[in-house]
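Text of protein34.cif (mmCIF, C-alpha atoms) as supplied:
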data_coords
loop_
_atom_site.label_atom_id
_atom_site.label_comp_id
_atom_site.auth_asym_id
_atom_site.auth_seq_id
_atom_site.Cartn_x
_atom_site.Cartn_y
_atom_site.Cartn_z
CA MET B 1 -0.11 10.39 18.45
CA SER B 2 -1.09 10.41 22.11
CA LYS B 3 -0.35 7.13 23.82
CA LYS B 4 -3.34 4.77 23.77
CA LYS B 5 -4.07 1.99 26.19
CA LYS B 6 -3.95 -1.17 24.11
CA LEU B 7 -3.33 -2.50 20.60
CA LEU B 8 -4.52 -5.98 19.57
CA ILE B 9 -2.72 -7.31 16.49
CA ILE B 10 -4.39 -10.40 15.04
CA SER B 11 -2.46 -12.59 12.65
CA SER B 12 -2.44 -16.17 11.49
CA GLY B 13 -0.41 -18.92 9.87
CA PHE B 14 2.15 -21.54 10.73
CA PRO B 15 5.43 -20.99 12.57
CA ASN B 16 8.72 -21.78 10.88
CA GLU B 17 10.85 -24.81 11.73
CA SER B 18 12.72 -22.88 14.42
CA GLY B 19 9.39 -22.53 16.25
CA ASP B 20 9.19 -18.73 15.93
CA TYR B 21 5.73 -17.72 14.73
CA LEU B 22 6.77 -14.07 14.94
CA ALA B 23 9.38 -14.77 12.31
CA HIS B 24 6.62 -13.28 10.14
CA THR B 25 8.54 -10.02 10.09
CA PHE B 26 5.56 -7.84 9.21
CA VAL B 27 4.08 -8.87 12.58
CA LYS B 28 7.20 -8.78 14.73
CA GLY B 29 8.68 -5.66 13.17
CA PHE B 30 5.39 -3.78 13.36
CA ALA B 31 4.73 -4.81 16.97
CA ASN B 32 8.21 -3.76 18.05
CA GLU B 33 7.58 -0.24 16.76
CA ALA B 34 4.00 -0.06 18.08
CA LYS B 35 5.07 -0.80 21.67
CA ASP B 36 6.43 2.75 22.08
CA TYR B 37 2.99 4.21 21.35
CA PHE B 38 0.75 1.92 23.40
CA ASP B 39 0.67 0.92 27.03
CA GLU B 40 0.21 -2.69 25.93
CA VAL B 41 0.49 -4.57 22.63
CA ILE B 42 -1.12 -8.00 22.35
CA VAL B 43 -0.26 -10.22 19.38
CA LEU B 44 -2.87 -12.93 18.87
CA ALA B 45 -1.49 -15.68 16.64
CA LEU B 46 -4.30 -17.87 15.30
CA LEU B 47 -2.95 -21.34 14.56
CA PRO B 48 -5.02 -24.04 12.84
CA LEU B 49 -5.01 -27.32 14.74
CA VAL B 50 -5.11 -30.16 12.21
CA PRO B 51 -6.00 -33.69 13.40
CA LYS B 52 -2.81 -35.74 13.62
CA VAL B 53 -4.28 -38.55 11.57
CA ILE B 54 -4.42 -36.14 8.63
CA LYS B 55 -1.11 -34.34 8.89
CA LYS B 56 1.21 -34.78 11.83
CA ARG B 57 3.70 -32.10 10.74
CA MET B 58 1.17 -29.32 11.11
CA ASN B 59 0.82 -30.04 14.82
CA ALA B 60 4.53 -29.96 15.63
CA TYR B 61 4.21 -26.45 17.05
CA GLU B 62 1.81 -27.64 19.77
CA LYS B 63 4.76 -28.77 21.85
CA THR B 64 7.19 -25.97 21.00
CA LEU B 65 5.15 -22.78 20.93
CA GLN B 66 4.25 -21.17 24.22
CA SER B 67 2.84 -17.71 24.80
CA TYR B 68 5.38 -15.23 26.12
CA SER B 69 5.91 -11.56 26.93
CA TYR B 70 8.69 -9.03 26.50
CA ASP B 71 8.71 -5.31 27.21
CA ASN B 72 5.03 -4.34 26.98
CA ILE B 73 4.27 -6.93 24.26
CA LYS B 74 2.28 -10.08 25.01
CA VAL B 75 2.33 -12.85 22.39
CA LEU B 76 -0.55 -15.33 22.61
CA TYR B 77 -0.58 -18.52 20.53
CA ARG B 78 -4.09 -19.88 20.25
CA THR B 79 -5.27 -22.88 18.22
CA TYR B 80 -8.60 -23.63 16.62
CA PRO B 81 -9.79 -26.93 15.05
CA TYR B 82 -9.26 -27.12 11.33
CA LEU B 83 -9.57 -29.60 8.46
CA PRO B 84 -7.57 -28.75 5.29
CA VAL B 85 -10.57 -29.22 2.99
CA TRP B 86 -12.46 -26.54 1.08
CA PRO B 87 -15.78 -26.44 3.03
CA VAL B 88 -13.96 -25.99 6.35
CA ASN B 89 -11.30 -23.66 4.94
CA LYS B 90 -14.09 -21.36 3.78
CA PHE B 91 -15.21 -20.79 7.39
CA LYS B 92 -11.93 -20.93 9.32
CA GLY B 93 -12.12 -17.32 10.57
CA LYS B 94 -15.63 -17.91 11.90
CA ILE B 95 -14.52 -21.21 13.48
CA ALA B 96 -11.56 -19.51 15.17
CA HIS B 97 -13.93 -16.86 16.57
CA MET B 98 -16.36 -19.51 17.79
CA PHE B 99 -13.67 -21.19 19.88
CA LEU B 100 -11.63 -18.18 21.01
CA SER B 101 -13.94 -15.16 21.22
CA LYS B 102 -14.82 -15.56 24.89
CA GLU B 103 -11.16 -15.52 25.95
CA VAL B 104 -10.16 -12.72 23.58
CA SER B 105 -13.12 -10.56 24.60
CA LYS B 106 -11.75 -10.51 28.15
CA LEU B 107 -8.47 -9.06 26.90
CA ILE B 108 -9.93 -5.95 25.26
CA ASP B 109 -12.11 -3.00 26.11
CA GLU B 110 -13.90 -0.39 24.02
CA ASP B 111 -10.73 1.69 23.68
CA THR B 112 -8.61 -1.15 22.30
CA VAL B 113 -7.32 -0.61 18.76
CA ILE B 114 -7.72 -3.78 16.68
CA HIS B 115 -5.55 -4.45 13.64
CA ALA B 116 -5.86 -7.68 11.63
CA ASN B 117 -3.31 -9.05 9.16
CA PHE B 118 -4.61 -11.07 6.18
CA THR B 119 -8.30 -11.26 5.39
CA SER B 120 -8.73 -14.85 6.56
CA PRO B 121 -8.80 -16.00 9.23
CA ALA B 122 -7.49 -12.92 11.09
CA GLY B 123 -9.67 -10.32 9.38
CA VAL B 124 -12.79 -12.48 9.58
CA PHE B 125 -12.03 -13.09 13.27
CA ALA B 126 -11.72 -9.32 13.86
CA HIS B 127 -15.00 -8.68 12.03
CA HIS B 128 -16.93 -11.15 14.20
CA LEU B 129 -15.13 -9.97 17.34
CA THR B 130 -16.19 -6.35 16.80
CA LYS B 131 -19.83 -7.04 16.03
CA ASN B 132 -22.02 -5.25 18.58
CA ARG B 133 -18.95 -3.44 19.97
CA LYS B 134 -17.84 0.16 19.73
CA ASN B 135 -14.44 -1.02 18.48
CA GLY B 136 -13.82 -0.97 14.79
CA PHE B 137 -10.90 -2.69 13.14
CA VAL B 138 -8.20 -1.95 10.60
CA LEU B 139 -7.34 -4.69 8.11
CA THR B 140 -4.06 -5.04 6.27
CA VAL B 141 -4.51 -7.22 3.18
CA HIS B 142 -1.13 -8.96 2.88
CA GLU B 143 -2.31 -11.58 0.39
CA ASP B 144 -0.34 -11.90 -2.83
CA HIS B 145 -2.13 -10.70 -5.96
CA ASN B 146 -3.33 -14.10 -7.19
CA TRP B 147 -4.53 -15.08 -3.72
CA LEU B 148 -6.58 -11.87 -3.44
CA VAL B 149 -8.07 -12.37 -6.91
CA ASN B 150 -9.14 -15.90 -5.95
CA GLU B 151 -10.67 -14.63 -2.70
CA ILE B 152 -12.76 -12.08 -4.61
CA ARG B 153 -13.84 -14.66 -7.19
CA SER B 154 -14.95 -17.02 -4.43
CA SER B 155 -17.71 -14.59 -3.36
CA ASN B 156 -17.20 -15.92 0.18
CA VAL B 157 -19.73 -14.02 2.30
CA ASP B 158 -17.38 -13.92 5.32
CA LEU B 159 -14.60 -12.33 3.26
CA VAL B 160 -16.94 -9.82 1.61
CA ASN B 161 -18.48 -8.79 4.95
CA THR B 162 -15.02 -8.42 6.47
CA TRP B 163 -13.95 -6.02 3.72
CA LYS B 164 -17.23 -4.12 3.93
CA ASN B 165 -17.11 -3.73 7.71
CA ALA B 166 -13.44 -2.82 8.12
CA ASN B 167 -13.05 0.81 9.20
CA ALA B 168 -10.00 1.00 6.95
CA ILE B 169 -8.34 -1.43 4.57
CA ILE B 170 -4.62 -1.15 4.03
CA ARG B 171 -3.36 -2.79 0.85
CA VAL B 172 0.38 -3.32 0.56
CA ASN B 173 0.46 -2.19 -3.07
CA LYS B 174 -1.34 0.24 -5.35
CA LEU B 175 -1.87 -2.41 -8.00
CA ASP B 176 -4.80 -4.05 -6.22
CA ILE B 177 -6.63 -1.04 -4.81
CA GLY B 178 -9.17 -1.23 -7.64
CA LEU B 179 -10.03 -4.80 -6.68
CA LEU B 180 -11.08 -3.69 -3.19
CA ASN B 181 -12.90 -0.49 -4.22
CA PRO B 182 -16.36 -2.13 -4.31
CA TYR B 183 -16.07 -3.14 -0.67
CA CYS B 184 -14.60 -0.21 1.26
CA ASP B 185 -14.45 3.57 0.90
CA ASN B 186 -11.42 3.97 3.15
CA LEU B 187 -8.61 2.28 1.20
CA ILE B 188 -4.97 3.12 1.87
CA THR B 189 -1.76 1.85 0.28
CA ILE B 190 1.04 1.25 2.77
CA PRO B 191 3.84 -1.14 1.75
CA ASN B 192 5.56 -3.68 3.94
CA GLY B 193 8.82 -2.74 5.65
CA TYR B 194 11.92 -4.13 7.31
CA ASP B 195 13.65 -4.13 10.68
CA HIS B 196 16.49 -1.62 10.29
CA ARG B 197 18.10 -2.80 13.52
CA LYS B 198 18.43 -6.33 12.18
CA PHE B 199 18.81 -5.84 8.44
CA LYS B 200 21.68 -3.39 8.18
CA GLN B 201 25.03 -3.27 6.46
CA LEU B 202 27.61 -5.66 7.91
CA ASP B 203 31.17 -6.42 6.84
CA LYS B 204 30.88 -8.54 3.70
CA ASP B 205 34.15 -10.45 4.18
CA GLN B 206 33.27 -11.33 7.78
CA CYS B 207 29.83 -12.58 6.73
CA ARG B 208 31.37 -14.74 4.02
CA GLU B 209 33.90 -16.15 6.43
CA LYS B 210 31.10 -16.97 8.89
CA LEU B 211 29.15 -18.81 6.16
CA GLY B 212 32.21 -20.42 4.52
CA ILE B 213 31.82 -18.55 1.22
CA GLU B 214 34.86 -17.86 -0.97
CA ASN B 215 35.62 -14.18 -1.51
CA ASP B 216 36.12 -14.52 -5.27
CA LYS B 217 32.54 -15.72 -5.87
CA LYS B 218 29.64 -13.61 -7.10
CA VAL B 219 26.82 -14.50 -4.73
CA ILE B 220 23.06 -14.42 -5.34
CA VAL B 221 20.53 -14.95 -2.55
CA ASN B 222 16.89 -15.95 -3.01
CA ILE B 223 14.61 -16.20 0.04
CA GLY B 224 11.18 -17.76 -0.13
CA PHE B 225 9.15 -20.86 0.66
CA TYR B 226 9.77 -23.60 -1.92
CA LYS B 227 6.39 -23.53 -3.63
CA ASP B 228 4.96 -22.80 -7.06
CA GLN B 229 4.19 -19.14 -6.37
CA LYS B 230 7.85 -18.37 -5.62
CA ASN B 231 8.93 -20.20 -8.81
CA GLN B 232 12.51 -20.97 -7.82
CA LYS B 233 12.49 -23.42 -10.74
CA LEU B 234 12.58 -20.39 -13.02
CA LEU B 235 15.61 -19.05 -11.15
CA VAL B 236 17.44 -22.37 -11.52
CA ALA B 237 16.69 -22.47 -15.26
CA ALA B 238 17.73 -18.83 -15.67
CA ILE B 239 21.09 -19.46 -14.01
CA LYS B 240 21.68 -22.38 -16.40
CA SER B 241 21.20 -19.90 -19.27
CA ILE B 242 23.93 -17.56 -18.00
CA PRO B 243 27.13 -17.89 -20.08
CA ILE B 244 29.58 -20.38 -18.60
CA ASP B 245 32.38 -17.79 -18.24
CA ILE B 246 30.16 -15.87 -15.78
CA ARG B 247 28.41 -18.85 -14.23
CA LYS B 248 31.65 -20.60 -13.22
CA ASN B 249 32.27 -17.88 -10.59
CA LEU B 250 28.65 -17.76 -9.45
CA LEU B 251 27.12 -19.09 -6.24
CA CYS B 252 23.37 -18.94 -5.56
CA TYR B 253 21.73 -19.71 -2.22
CA ILE B 254 18.02 -20.53 -2.30
CA ILE B 255 16.76 -20.20 1.28
CA GLY B 256 13.36 -21.30 2.50
CA GLY B 257 12.42 -24.96 2.56
CA GLY B 258 9.05 -26.33 1.56
CA PRO B 259 7.17 -28.92 -0.51
CA LEU B 260 9.19 -28.44 -3.72
CA HIS B 261 12.57 -29.10 -2.09
CA GLN B 262 13.02 -32.49 -3.78
CA GLU B 263 11.89 -31.24 -7.19
CA LEU B 264 14.30 -28.32 -7.02
CA ASN B 265 17.09 -30.61 -5.93
CA GLU B 266 16.44 -32.92 -8.90
CA GLN B 267 16.32 -29.97 -11.32
CA ILE B 268 19.65 -28.67 -10.03
CA HIS B 269 21.18 -32.15 -10.35
CA ASN B 270 19.80 -32.72 -13.87
CA LEU B 271 21.21 -29.38 -15.03
CA GLY B 272 24.59 -30.07 -13.46
CA LEU B 273 24.38 -27.00 -11.21
CA GLU B 274 25.25 -28.61 -7.86
CA ALA B 275 28.39 -26.49 -7.54
CA VAL B 276 26.51 -23.28 -8.36
CA ILE B 277 23.14 -23.51 -6.58
CA LYS B 278 22.75 -24.46 -2.92
CA LEU B 279 19.39 -25.28 -1.33
CA THR B 280 19.79 -24.37 2.32
CA GLY B 281 16.25 -25.23 3.39
CA GLN B 282 14.96 -23.04 6.19
CA VAL B 283 17.55 -21.13 8.20
CA LYS B 284 17.18 -19.27 11.47
CA GLN B 285 15.91 -15.72 11.10
CA ASP B 286 19.01 -14.36 12.82
CA GLU B 287 21.17 -15.84 10.04
CA LEU B 288 19.39 -14.10 7.16
CA PRO B 289 21.29 -10.79 7.56
CA PHE B 290 24.56 -12.71 7.19
CA TYR B 291 23.47 -14.31 3.92
CA LEU B 292 22.21 -11.01 2.53
CA ASN B 293 25.36 -9.14 3.54
CA ALA B 294 27.52 -11.87 2.00
CA ALA B 295 25.69 -11.50 -1.32
CA ASP B 296 26.13 -9.31 -4.37
CA LEU B 297 22.52 -9.56 -5.58
CA PHE B 298 19.12 -10.43 -4.16
CA CYS B 299 16.96 -12.29 -6.67
CA LEU B 300 13.23 -13.06 -6.54
CA SER B 301 11.60 -15.16 -9.26
CA SER B 302 8.00 -15.12 -7.98
CA ASP B 303 4.90 -15.37 -10.16
CA SER B 304 2.81 -13.41 -7.65
CA GLU B 305 3.45 -11.23 -4.58
CA GLY B 306 1.75 -8.63 -2.44
CA ASN B 307 4.80 -6.53 -1.62
CA PRO B 308 7.62 -8.89 -0.61
CA THR B 309 9.13 -8.17 2.80
CA VAL B 310 12.38 -9.85 1.74
CA MET B 311 12.85 -7.20 -0.95
CA PHE B 312 12.88 -4.46 1.70
CA GLU B 313 15.25 -6.49 3.88
CA ALA B 314 17.64 -6.85 0.94
CA LEU B 315 17.50 -3.12 0.20
CA GLY B 316 18.09 -2.53 3.91
CA VAL B 317 21.55 -4.12 3.72
CA GLY B 318 22.32 -2.32 0.44
CA LEU B 319 21.56 -5.13 -2.02
CA PRO B 320 19.92 -4.41 -5.38
CA TYR B 321 16.72 -6.27 -6.26
CA ILE B 322 16.96 -8.45 -9.34
CA GLY B 323 13.78 -10.24 -10.25
CA THR B 324 10.23 -10.33 -11.46
CA SER B 325 8.04 -7.24 -11.55
CA VAL B 326 5.11 -8.59 -9.54
CA GLY B 327 2.75 -7.11 -6.96
CA GLY B 328 4.15 -3.92 -5.45
CA VAL B 329 7.70 -4.48 -6.73
CA PRO B 330 7.52 -1.86 -9.55
CA GLU B 331 6.19 0.66 -7.01
CA ILE B 332 9.41 0.24 -4.99
CA ILE B 333 12.04 -0.52 -7.64
CA THR B 334 11.39 2.75 -9.43
CA SER B 335 14.93 3.22 -10.69
CA GLU B 336 17.70 1.00 -12.03
CA ASP B 337 19.76 2.45 -9.17
CA TYR B 338 17.82 0.08 -6.88
CA GLY B 339 17.46 -2.97 -9.08
CA LEU B 340 16.47 -4.57 -12.39
CA THR B 341 13.12 -6.22 -13.12
CA CYS B 342 11.54 -8.42 -15.76
CA GLU B 343 8.16 -9.99 -16.47
CA PRO B 344 7.30 -13.11 -14.44
CA GLY B 345 7.86 -16.51 -16.06
CA ASP B 346 10.42 -15.26 -18.60
CA LYS B 347 13.55 -17.39 -18.18
CA GLU B 348 15.71 -15.55 -20.70
CA ALA B 349 14.72 -12.12 -19.37
CA LEU B 350 15.55 -13.17 -15.81
CA SER B 351 18.85 -14.66 -16.97
CA ASN B 352 19.72 -11.40 -18.74
CA ILE B 353 19.04 -9.14 -15.75
CA ILE B 354 21.00 -11.47 -13.45
CA LYS B 355 23.92 -11.17 -15.85
CA GLN B 356 23.50 -7.37 -16.00
CA GLY B 357 23.28 -7.22 -12.22
CA ILE B 358 26.52 -9.17 -11.82
CA LEU B 359 28.38 -6.87 -14.21
CA LYS B 360 26.86 -3.58 -12.99
CA ALA B 361 28.68 -1.33 -10.49
CA TRP B 362 26.02 -0.66 -7.84
CA ASN B 363 25.99 2.35 -5.54
CA LYS B 364 25.37 0.61 -2.21
CA ASN B 365 25.10 3.87 -0.27
CA LYS B 366 22.32 5.08 -2.56
CA ILE B 367 20.38 1.86 -1.99
CA LEU B 368 20.90 2.08 1.79
CA SER B 369 19.68 5.66 1.85
CA TYR B 370 16.58 4.80 -0.19
CA ALA B 371 15.74 1.81 1.99
CA LYS B 372 15.34 4.01 5.07
CA GLU B 373 11.92 5.10 3.76
CA TYR B 374 10.66 1.58 4.44
CA THR B 375 11.74 0.88 8.01
CA TRP B 376 9.00 -0.63 10.16
CA LYS B 377 9.07 2.54 12.25
CA ASN B 378 8.10 4.64 9.23
CA ILE B 379 5.49 2.08 8.18
CA PHE B 380 3.99 2.07 11.68
CA LEU B 381 3.90 5.88 11.91
CA THR B 382 2.05 6.01 8.60
CA THR B 383 -0.36 3.25 9.69
CA GLN B 384 -1.19 4.62 13.13
CA LYS B 385 -2.70 7.77 11.57
CA HIS B 386 -5.60 5.56 10.49
CA TYR B 387 -6.24 4.17 13.97
#
Rewrite the coordinates I just gave you, this time as structure tokens.
Amino acid sequence: MSKKKKLLIISSGFPNESGDYLAHTFVKGFANEAKDYFDEVIVLALLPLVPKVIKKRMNAYEKTLQSYSYDNIKVLYRTYPYLPVWPVNKFKGKIAHMFLSKEVSKLIDEDTVIHANFTSPAGVFAHHLTKNRKNGFVLTVHEDHNWLVNEIRSSNVDLVNTWKNANAIIRVNKLDIGLLNPYCDNLITIPNGYDHRKFKQLDKDQCREKLGIENDKKVIVNIGFYKDQKNQKLLVAAIKSIPIDIRKNLLCYIIGGGPLHQELNEQIHNLGLEAVIKLTGQVKQDELPFYLNAADLFCLSSDSEGNPTVMFEALGVGLPYIGTSVGGVPEIITSEDYGLTCEPGDKEALSNIIKQGILKAWNKNKILSYAKEYTWKNIFLTTQKHY
């Protein structure tokens, strides 16, 4: 690919508690690879600004997040007014464009490549931004399966027009391509990836010493926001079902934080699993490789996913995936050499594959070699062909 002048990556969401919006690794990892192929990469982070009288926590980032630059990447945090109620939520991409289009238009020219992540608000913003311009836009649909199904059922005109007007739609799994067929002729499946510089094999004993984990424990790590979709309650129940002779040497870290923290804590207490399961809440992104390298298994208990980035990060340090077969997972875990899967919501099945995973002798080098297919560099090189 000949070097182009500028890439605008549009994304959206809330930052984590450490104040790093680009902790969304599919944005940061992708941008870090793209910078070698563009003179300038601009990341536009669309952040909903919720009135403080409604929810103060959502505005915490106002004081902590400031736009910054490194190398040839410019990160711009921009807020738009937002009320967390259905009528407003339906139009948030259009609202963001209404308030920010004048500024963003000054940052781009007709040769700028525009790539939006998530249909709303980023994709809708890109659609309105490129109206009456020569620029087209590429849209990556990162939504989990259930989220995408609900978007389609909503018949939201803004979402439909965004899908219809995208020059290319990238879906992170093959499972959902059929759902998007009515809207776009140029559909491509490209999975998520991982940062191979950050998520790599480290010395297991040193990582355990750093985290204060005993060497004789079998360690499971789960990473995900504490919410219904991630279904960590299923993981807790599944661990309770593991025979006591195995469970007594088990230690499970559930990393993420979120609205179900208290409920999970009560479940763990009621089941008498305080010594086995630890809720860490949210941890700094730089600490995640230590937890993964200290572990024996990575476990995901989700009810719905697109193609979970944390799965690729786990494979990147040589960990097998143990968990539910949702979204793009079965397209990646194609062999029991890389992990074991079960149907979502099945406590006994999840308990059984955790037990199998603990007892199985895994070939870490084989997992590490396989993971290299999914580095962000490879994902970017595949994606840029469609620019």
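Going from atom CA of Asn215 of chain B to atom CA of Asp203 of chain B covers 12.2 Å.
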Between B:Gly224, B:Pro81, B:Gly93, B:Gly193, which is the closest to Gly29 of chain B once you count all atoms listed in the file?
B:Gly193
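The residues returned by the PyMOL selection byres ((chain B and resi 378) around 12) for this structure are Gly29, Phe30, Glu33, Ala34, Ile190, Pro191, Asn192, Gly193, Tyr194, Asp195, His196, Ala371, Lys372, Glu373, Tyr374, Thr375, Trp376, Lys377, Ile379, Phe380, Leu381, Thr382, Thr383, Gln384 and Lys385 of chain B.
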If we count only C-alpha atoms and set the cut-off at 10 Å, which residues sit around Leu139 of chain B, ignoring sequence neighbours fewer than 6 positions away in its own chain? Please answer as a list in words.
Ile9, Ile10, Ile114, His115, Ala116, Asn117, Phe118, Thr119, Ala122, Gly123, Val124, Ala126, His127, Thr162, Trp163, Asn165, Ala166, Asn167, Ala168, Ile169, Ile170, Arg171 and Leu187 of chain B
What do you get, as number ranges by chain, if you spell out every residue that the PyMOL selection byres ((chain B and resi 7) around 8) selects here?
B: 4-6, 8-9, 38, 40-42, 112-115
Got a sec to resolve the PyMOL selection byres ((chain B and resi 314) around 10) on this structure and send the residues as a ChimeraX atom specification?
/B:194,199-201,221-223,288-289,291-293,295,297-299,309-313,315-321,367-368,371
In Å to one decimal, how far is atom CA of Pro48 of chain B from atom CA of Asn146 of chain B?
22.4 Å
First collect every listed atom of segment 28-42 of chain B; then fit an axis-aligned box around them, widen it by 8 Å on each side, and give centre and edge lengths in Å to one decimal, as lines of an AutoDock Vina configuration file.
center_x = 3.8
center_y = -2.3
center_z = 20.1
size_x = 25.8
size_y = 29.0
size_z = 29.9
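Between atom CA of Lys198 of chain B and atom CA of Pro121 of chain B lies a distance of 29.0 Å.
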If we count only C-alpha atoms, what is near segment 266-268 of chain B at a cut-off of 12 Å, once residues fewer than 4 positions away on the same chain are taken out, given as a PyMOL selection string?
chain B and resi 232-240+252+254+260-262+272-279
Convert the current residue selection to file output with C-alpha atoms, as a short mmCIF file (atom, residue, chain, number, x, y, z; two decimals), in the coordinates of the input.
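Final file, selection.cif:
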data_model
loop_
_atom_site.label_atom_id
_atom_site.label_comp_id
_atom_site.auth_asym_id
_atom_site.auth_seq_id
_atom_site.Cartn_x
_atom_site.Cartn_y
_atom_site.Cartn_z
CA GLN B 232 12.51 -20.97 -7.82
CA LYS B 233 12.49 -23.42 -10.74
CA LEU B 234 12.58 -20.39 -13.02
CA LEU B 235 15.61 -19.05 -11.15
CA VAL B 236 17.44 -22.37 -11.52
CA ALA B 237 16.69 -22.47 -15.26
CA ALA B 238 17.73 -18.83 -15.67
CA ILE B 239 21.09 -19.46 -14.01
CA LYS B 240 21.68 -22.38 -16.40
CA CYS B 252 23.37 -18.94 -5.56
CA ILE B 254 18.02 -20.53 -2.30
CA LEU B 260 9.19 -28.44 -3.72
CA HIS B 261 12.57 -29.10 -2.09
CA GLN B 262 13.02 -32.49 -3.78
CA GLY B 272 24.59 -30.07 -13.46
CA LEU B 273 24.38 -27.00 -11.21
CA GLU B 274 25.25 -28.61 -7.86
CA ALA B 275 28.39 -26.49 -7.54
CA VAL B 276 26.51 -23.28 -8.36
CA ILE B 277 23.14 -23.51 -6.58
CA LYS B 278 22.75 -24.46 -2.92
CA LEU B 279 19.39 -25.28 -1.33
#
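Across B:Gly327, B:Ile255, B:Tyr338, B:Val160, the tightest approach to Ala361 of chain B is made by B:Tyr338 when counting all atoms listed in the file.
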Quick one: segment 358-373 of chain B with N, CA and C atoms, as a compact mmCIF listing (two decimals), keeping the file's coordinate frame?
# COMPACT_ATOMS: atom_id res chain seq x y z
N ILE B 358 25.18 -8.73 -12.21
CA ILE B 358 26.52 -9.17 -11.82
C ILE B 358 27.58 -8.21 -12.36
N LEU B 359 27.38 -7.71 -13.55
CA LEU B 359 28.38 -6.87 -14.21
C LEU B 359 28.25 -5.39 -13.83
N LYS B 360 27.10 -4.99 -13.29
CA LYS B 360 26.86 -3.58 -12.99
C LYS B 360 27.58 -3.14 -11.70
N ALA B 361 28.09 -1.92 -11.71
CA ALA B 361 28.68 -1.33 -10.49
C ALA B 361 27.57 -0.62 -9.73
N TRP B 362 27.15 -1.19 -8.60
CA TRP B 362 26.02 -0.66 -7.84
C TRP B 362 26.51 0.34 -6.79
N ASN B 363 25.70 1.37 -6.58
CA ASN B 363 25.99 2.35 -5.54
C ASN B 363 25.27 1.91 -4.27
N LYS B 364 25.97 1.17 -3.42
CA LYS B 364 25.37 0.61 -2.21
C LYS B 364 24.82 1.69 -1.29
N ASN B 365 25.54 2.79 -1.16
CA ASN B 365 25.10 3.87 -0.27
C ASN B 365 23.77 4.47 -0.73
N LYS B 366 23.58 4.55 -2.04
CA LYS B 366 22.32 5.08 -2.56
C LYS B 366 21.17 4.13 -2.23
N ILE B 367 21.41 2.84 -2.33
CA ILE B 367 20.38 1.86 -1.99
C ILE B 367 20.06 1.92 -0.50
N LEU B 368 21.09 2.01 0.34
CA LEU B 368 20.90 2.08 1.79
C LEU B 368 20.09 3.31 2.18
N SER B 369 20.39 4.42 1.55
CA SER B 369 19.68 5.66 1.85
C SER B 369 18.21 5.56 1.45
N TYR B 370 17.95 4.96 0.29
CA TYR B 370 16.58 4.80 -0.19
C TYR B 370 15.78 3.87 0.71
N ALA B 371 16.43 2.81 1.18
CA ALA B 371 15.74 1.81 1.99
C ALA B 371 15.18 2.39 3.28
N LYS B 372 15.77 3.44 3.79
CA LYS B 372 15.34 4.01 5.07
C LYS B 372 13.87 4.46 5.06
N GLU B 373 13.34 4.73 3.87
CA GLU B 373 11.92 5.10 3.76
C GLU B 373 11.01 3.98 4.25
